[in-house]
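So this block is entry-v7.txt, compact mmCIF, C-alpha atoms:
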# COMPACT_ATOMS: atom_id res chain seq x y z
CA MET A 1 42.39 21.57 122.98
CA ASP A 2 41.90 22.22 119.36
CA ARG A 3 41.19 25.77 120.13
CA PHE A 4 44.43 26.05 122.07
CA ALA A 5 46.29 24.41 119.23
CA THR A 6 44.73 26.84 116.76
CA GLU A 7 45.56 29.78 118.96
CA LYS A 8 49.05 28.39 119.35
CA GLU A 9 49.40 28.11 115.57
CA ILE A 10 48.04 31.63 115.13
CA ALA A 11 50.44 32.92 117.78
CA ARG A 12 53.32 31.06 116.07
CA ALA A 13 52.35 32.52 112.71
CA GLN A 14 52.14 35.97 114.23
CA LEU A 15 55.50 35.42 115.93
CA SER A 16 57.01 34.19 112.68
CA SER A 17 55.54 37.17 110.86
CA ALA A 18 56.86 39.51 113.54
CA GLU A 19 60.28 37.82 113.35
CA ASN A 20 60.28 38.20 109.54
CA GLN A 21 59.30 41.84 109.87
CA LEU A 22 61.97 42.33 112.52
CA GLN A 23 64.54 40.62 110.30
CA MET A 24 63.53 42.82 107.35
CA MET A 25 63.72 45.92 109.51
CA LYS A 26 67.18 44.87 110.75
CA GLU A 27 68.34 44.40 107.17
CA LYS A 28 66.78 47.66 106.14
CA GLY A 29 68.39 49.39 109.19
CA SER A 30 71.71 47.76 108.33
CA VAL A 31 71.51 49.03 104.73
CA GLN A 32 70.59 52.50 105.98
CA ALA A 33 73.42 52.38 108.54
CA ARG A 34 75.88 51.50 105.75
CA ARG A 35 74.53 54.35 103.60
CA ILE A 36 74.80 56.71 106.57
CA GLU A 37 78.39 55.56 107.17
CA GLU A 38 79.21 56.07 103.49
CA LEU A 39 77.61 59.53 103.51
CA GLU A 40 79.42 60.42 106.74
CA ALA A 41 82.72 59.25 105.22
CA ARG A 42 82.11 61.34 102.07
CA LEU A 43 81.07 64.29 104.20
CA ALA A 44 84.21 63.91 106.35
CA SER A 45 86.33 63.77 103.19
CA VAL A 46 84.68 66.88 101.73
CA LEU A 47 84.98 68.65 105.08
CA ALA A 48 88.68 67.73 105.38
CA LYS A 49 89.31 69.00 101.84
CA ALA A 50 87.43 72.23 102.57
CA GLU A 51 89.40 72.73 105.80
CA SER A 52 92.65 72.05 103.93
CA ASP A 53 91.70 74.52 101.21
CA ALA A 54 90.72 77.10 103.82
CA GLU A 55 94.03 76.66 105.68
CA LYS A 56 95.96 76.94 102.41
CA ALA A 57 94.01 80.07 101.44
CA LYS A 58 94.65 81.55 104.90
CA ALA A 59 98.37 80.77 104.64
CA ASP A 60 98.50 82.36 101.17
CA THR A 61 96.60 85.39 102.41
CA ASP A 62 98.87 85.73 105.44
CA ALA A 63 101.93 85.53 103.17
CA LEU A 64 100.50 88.22 100.87
CA VAL A 65 99.63 90.43 103.83
CA ALA A 66 103.17 90.03 105.17
CA ILE A 67 104.62 90.93 101.76
CA TYR A 68 102.36 93.97 101.42
CA CYS A 69 103.19 95.10 104.96
CA ALA A 70 106.91 94.74 104.25
CA ASP A 71 106.51 96.65 100.97
CA ALA A 72 104.54 99.40 102.71
CA GLU A 73 107.18 99.68 105.43
CA ALA A 74 109.96 99.81 102.82
CA ALA A 75 108.06 102.52 100.93
CA GLN A 76 107.72 104.55 104.13
CA VAL A 77 111.45 104.18 104.81
CA GLN A 78 112.24 105.27 101.25
CA ALA A 79 109.90 108.25 101.55
CA ARG A 80 111.54 109.27 104.83
CA GLU A 81 115.01 108.90 103.32
CA ALA A 82 113.97 110.88 100.23
CA ALA A 83 112.60 113.66 102.42
CA GLU A 84 115.81 113.74 104.47
CA THR A 85 117.89 113.77 101.29
CA ALA A 86 115.77 116.58 99.85
CA ASP A 87 116.13 118.58 103.08
CA THR A 88 119.89 118.06 103.11
CA ARG A 89 120.15 118.96 99.44
CA ALA A 90 118.05 122.11 99.94
CA HIS A 91 120.30 123.15 102.81
CA TRP A 92 123.46 122.73 100.73
CA VAL A 93 121.92 124.44 97.69
CA ALA A 94 121.17 127.44 99.91
CA GLU A 95 124.71 127.33 101.30
CA LEU A 96 126.14 127.11 97.77
CA ALA A 97 124.09 130.12 96.68
CA LYS A 98 125.27 132.06 99.73
CA PHE A 99 128.93 131.21 99.14
CA ARG A 100 128.68 131.98 95.40
CA SER A 101 127.09 135.33 96.14
CA ARG A 102 129.82 136.14 98.65
CA ARG A 103 132.57 135.14 96.21
CA GLU A 104 131.01 137.13 93.40
CA THR A 105 130.72 140.16 95.66
CA LEU A 106 134.36 139.79 96.67
CA GLU A 107 135.41 139.46 93.03
CA GLU A 108 133.48 142.61 92.15
CA ILE A 109 135.25 144.45 94.95
CA HIS A 110 138.58 143.00 93.81
CA ALA A 111 137.84 144.14 90.26
CA ARG A 112 137.69 147.69 91.66
CA ASP A 113 141.36 147.37 92.68
CA PHE A 114 140.94 146.22 96.27
CA ASP A 115 143.27 143.38 97.29
CA LEU A 116 140.92 140.64 98.46
CA ALA A 117 142.78 137.65 97.00
CA GLU A 118 142.79 135.73 100.30
CA GLU A 119 139.10 136.37 100.92
CA ILE A 120 138.27 135.28 97.35
CA LYS A 121 140.39 132.15 97.76
CA ARG A 122 138.58 131.30 101.02
CA ALA A 123 135.18 132.03 99.43
CA LYS A 124 136.04 129.70 96.54
CA GLU A 125 137.03 126.97 98.99
CA LEU A 126 133.74 127.35 100.89
CA GLU A 127 131.83 127.36 97.61
CA ALA A 128 133.63 124.22 96.41
CA ASP A 129 132.90 122.47 99.69
CA ALA A 130 129.22 123.41 99.47
CA GLU A 131 129.10 122.33 95.81
CA VAL A 132 130.54 118.94 96.74
CA MET A 133 127.84 118.55 99.38
CA VAL A 134 125.09 119.54 96.92
CA PHE A 135 126.21 117.23 94.17
CA ASP A 136 127.40 114.44 96.46
CA ASP A 137 123.76 113.37 96.90
CA ASP A 138 123.41 113.13 93.11
CA ASP A 139 126.32 110.71 93.00
CA ASP A 140 124.56 108.47 95.51
CA ASP A 141 121.23 108.62 93.67
CA ASN A 142 122.46 108.41 90.09
CA ASP A 143 125.96 107.09 89.46
CA ASP A 144 125.68 107.62 85.66
CA ASP A 145 125.99 111.43 85.57
CA ASP A 146 129.00 113.43 86.70
CA GLY A 147 126.93 115.15 89.39
CA GLY A 148 128.51 118.57 88.94
CA LYS A 149 132.05 117.51 89.75
CA SER A 150 134.80 120.03 89.39
CA GLY A 151 137.18 120.16 86.44
CA SER A 152 139.74 117.71 87.76
CA GLU A 153 137.00 115.20 88.62
CA ASN A 154 135.38 115.61 85.18
CA GLY A 155 138.43 114.26 83.42
CA GLY A 156 140.47 117.46 83.29
CA GLU A 157 137.81 119.70 81.72
CA PRO A 158 137.13 122.62 84.06
CA ASP A 159 133.58 123.75 84.62
CA ARG A 160 132.53 126.68 82.45
CA GLU A 161 132.00 128.88 85.51
CA GLU A 162 135.46 128.08 86.89
CA THR A 163 137.05 129.00 83.57
CA VAL A 164 135.23 132.33 83.49
CA LEU A 165 136.05 133.03 87.13
CA GLY A 166 139.64 132.03 86.64
CA ASP A 167 139.97 134.48 83.75
CA ASP A 168 138.33 137.26 85.80
CA GLN A 169 140.59 136.63 88.74
CA GLU A 170 143.78 136.92 86.72
CA ALA A 171 142.72 140.28 85.26
What does this structure look like when you write it as structure tokens?
Amino acid sequence: MDRFATEKEIARAQLSSAENQLQMMKEKGSVQARRIEELEARLASVLAKAESDAEKAKADTDALVAIYCADAEAAQVQAREAAETADTRAHWVAELAKFRSRRETLEEIHARDFDLAEEIKRAKELEADAEVMVFDDDDDDNDDDDGGKSGSENGGEPDREETVLGDDQEA
């Protein structure tokens, strides 16, 4: 019986020791679980901040890309308009040169005592129309200069060429 009692005591001591170890392991596991929860919470916070920063950076980048795309499109439109304006201006400059040449030729013929007053008048009208078209684009682009307006549009001062032509015509 004593032996059973001793074995019982040994078994109880071992059980108590095992329970103490189990209790210590539970406490240790509980402390580790709390640390893990704290680390997970900090990690979740850092991750949320990183995601927020990434979304903000993406939104900023998207906004910049949209602005740059709009600017590029506006630049293309301006380039197209400038090319069209240049083409139109070149056309009217050529027309002006043609009409001036025709008028000058008619004035030379008139100076040789041929009556071409009507033809010269018509040539001057065509030249004036072409000149308006040439310098009309300048008025749109740069409102500060007079853009080659005729004498009445320049405040009453006739263009130098008109004065010279007017004197030649009366002769």
**Separation of CA of Trp92 in chain A from CA of Gln76 in chain A in Å** = 24.3 Å
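The space between CA of Phe99 in chain A and CA of Leu116 in chain A spans 15.3 Å.
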**Asked** What is the CA of Lys121 in chain A to CA of Ala97 in chain A distance in Å?
**Response** 16.5 Å
With all atoms listed in the file as the counted atoms, please give the residues lying no more than 8 Å from range 100-107 of chain A, apart from itself and same-chain residues fewer than 6 positions off, as an mmCIF file with C-alpha atoms, in the frame of the given file.
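Contents of the output file selection_22.cif:
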data_model
loop_
_atom_site.group_PDB
_atom_site.id
_atom_site.type_symbol
_atom_site.label_atom_id
_atom_site.label_comp_id
_atom_site.auth_asym_id
_atom_site.auth_seq_id
_atom_site.Cartn_x
_atom_site.Cartn_y
_atom_site.Cartn_z
ATOM 1 C CA LEU A 116 140.920 140.640 98.460
ATOM 2 C CA GLU A 119 139.100 136.370 100.920
ATOM 3 C CA ILE A 120 138.270 135.280 97.350
ATOM 4 C CA ALA A 123 135.180 132.030 99.430
ATOM 5 C CA LYS A 124 136.040 129.700 96.540
ATOM 6 C CA GLU A 127 131.830 127.360 97.610
ATOM 7 C CA GLN A 169 140.590 136.630 88.740
#
**Prompt:** Looking at all atoms listed in the file, which of A:Ala50, A:Leu96, A:Val65, A:Leu39 is the one that sits closest to Phe135 in chain A?
**Reply:**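 Selected residue with least distance to Phe135 in chain A: A:Leu96.
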Repaired coordinates for range 62-73 of chain A (all heavy atoms) as a tab-separated table (two decimals), keeping the file's coordinate frame:
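Written out: result.tsv:
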chain	number	residue	atom	x	y	z
A	62	ASP	N	97.93	85.23	104.44
A	62	ASP	CA	98.87	85.73	105.44
A	62	ASP	C	100.22	86.09	104.80
A	62	ASP	O	100.83	87.11	105.15
A	62	ASP	CB	99.09	84.70	106.55
A	62	ASP	CG	97.87	84.55	107.46
A	62	ASP	OD1	96.96	85.41	107.40
A	62	ASP	OD2	97.82	83.54	108.21
A	63	ALA	N	100.66	85.25	103.86
A	63	ALA	CA	101.93	85.53	103.17
A	63	ALA	C	101.82	86.83	102.36
A	63	ALA	O	102.73	87.66	102.38
A	63	ALA	CB	102.31	84.37	102.26
A	64	LEU	N	100.69	87.00	101.66
A	64	LEU	CA	100.50	88.22	100.87
A	64	LEU	C	100.43	89.45	101.77
A	64	LEU	O	101.00	90.50	101.45
A	64	LEU	CB	99.23	88.12	100.02
A	64	LEU	CG	99.32	87.21	98.80
A	64	LEU	CD1	97.95	87.09	98.14
A	64	LEU	CD2	100.33	87.73	97.81
A	65	VAL	N	99.73	89.31	102.88
A	65	VAL	CA	99.63	90.43	103.83
A	65	VAL	C	101.02	90.79	104.35
A	65	VAL	O	101.38	91.97	104.45
A	65	VAL	CB	98.66	90.10	104.98
A	65	VAL	CG1	98.80	91.08	106.12
A	65	VAL	CG2	97.23	90.06	104.47
A	66	ALA	N	101.81	89.77	104.68
A	66	ALA	CA	103.17	90.03	105.17
A	66	ALA	C	104.01	90.74	104.10
A	66	ALA	O	104.75	91.68	104.41
A	66	ALA	CB	103.84	88.72	105.58
A	67	ILE	N	103.87	90.30	102.86
A	67	ILE	CA	104.62	90.93	101.76
A	67	ILE	C	104.18	92.38	101.60
A	67	ILE	O	105.01	93.29	101.48
A	67	ILE	CB	104.44	90.14	100.45
A	67	ILE	CG1	105.18	88.81	100.54
A	67	ILE	CG2	104.91	90.95	99.25
A	67	ILE	CD1	104.87	87.85	99.40
A	68	TYR	N	102.86	92.61	101.58
A	68	TYR	CA	102.36	93.97	101.42
A	68	TYR	C	102.78	94.86	102.59
A	68	TYR	O	103.12	96.03	102.39
A	68	TYR	CB	100.84	93.98	101.25
A	68	TYR	CG	100.39	93.47	99.91
A	68	TYR	CD1	99.33	92.57	99.81
A	68	TYR	CD2	101.01	93.86	98.73
A	68	TYR	CE1	98.91	92.09	98.58
A	68	TYR	CE2	100.59	93.38	97.51
A	68	TYR	CZ	99.55	92.50	97.43
A	68	TYR	OH	99.14	92.03	96.22
A	69	CYS	N	102.76	94.32	103.79
A	69	CYS	CA	103.19	95.10	104.96
A	69	CYS	C	104.67	95.46	104.84
A	69	CYS	O	105.07	96.60	105.11
A	69	CYS	CB	102.93	94.33	106.25
A	69	CYS	SG	101.19	94.27	106.73
A	70	ALA	N	105.48	94.49	104.42
A	70	ALA	CA	106.91	94.74	104.25
A	70	ALA	C	107.13	95.79	103.16
A	70	ALA	O	107.97	96.69	103.31
A	70	ALA	CB	107.65	93.44	103.92
A	71	ASP	N	106.40	95.67	102.06
A	71	ASP	CA	106.51	96.65	100.97
A	71	ASP	C	106.10	98.04	101.44
A	71	ASP	O	106.74	99.03	101.10
A	71	ASP	CB	105.67	96.23	99.76
A	71	ASP	CG	106.26	95.05	99.01
A	71	ASP	OD1	107.43	94.69	99.29
A	71	ASP	OD2	105.55	94.48	98.16
A	72	ALA	N	105.02	98.11	102.21
A	72	ALA	CA	104.54	99.40	102.71
A	72	ALA	C	105.58	100.01	103.65
A	72	ALA	O	105.85	101.22	103.59
A	72	ALA	CB	103.20	99.24	103.42
A	73	GLU	N	106.16	99.19	104.50
A	73	GLU	CA	107.18	99.68	105.43
A	73	GLU	C	108.41	100.17	104.66
A	73	GLU	O	108.96	101.23	104.96
A	73	GLU	CB	107.57	98.58	106.41
A	73	GLU	CG	108.49	99.02	107.51
A	73	GLU	CD	108.76	97.94	108.52
A	73	GLU	OE1	107.82	97.23	108.90
A	73	GLU	OE2	109.93	97.81	108.92
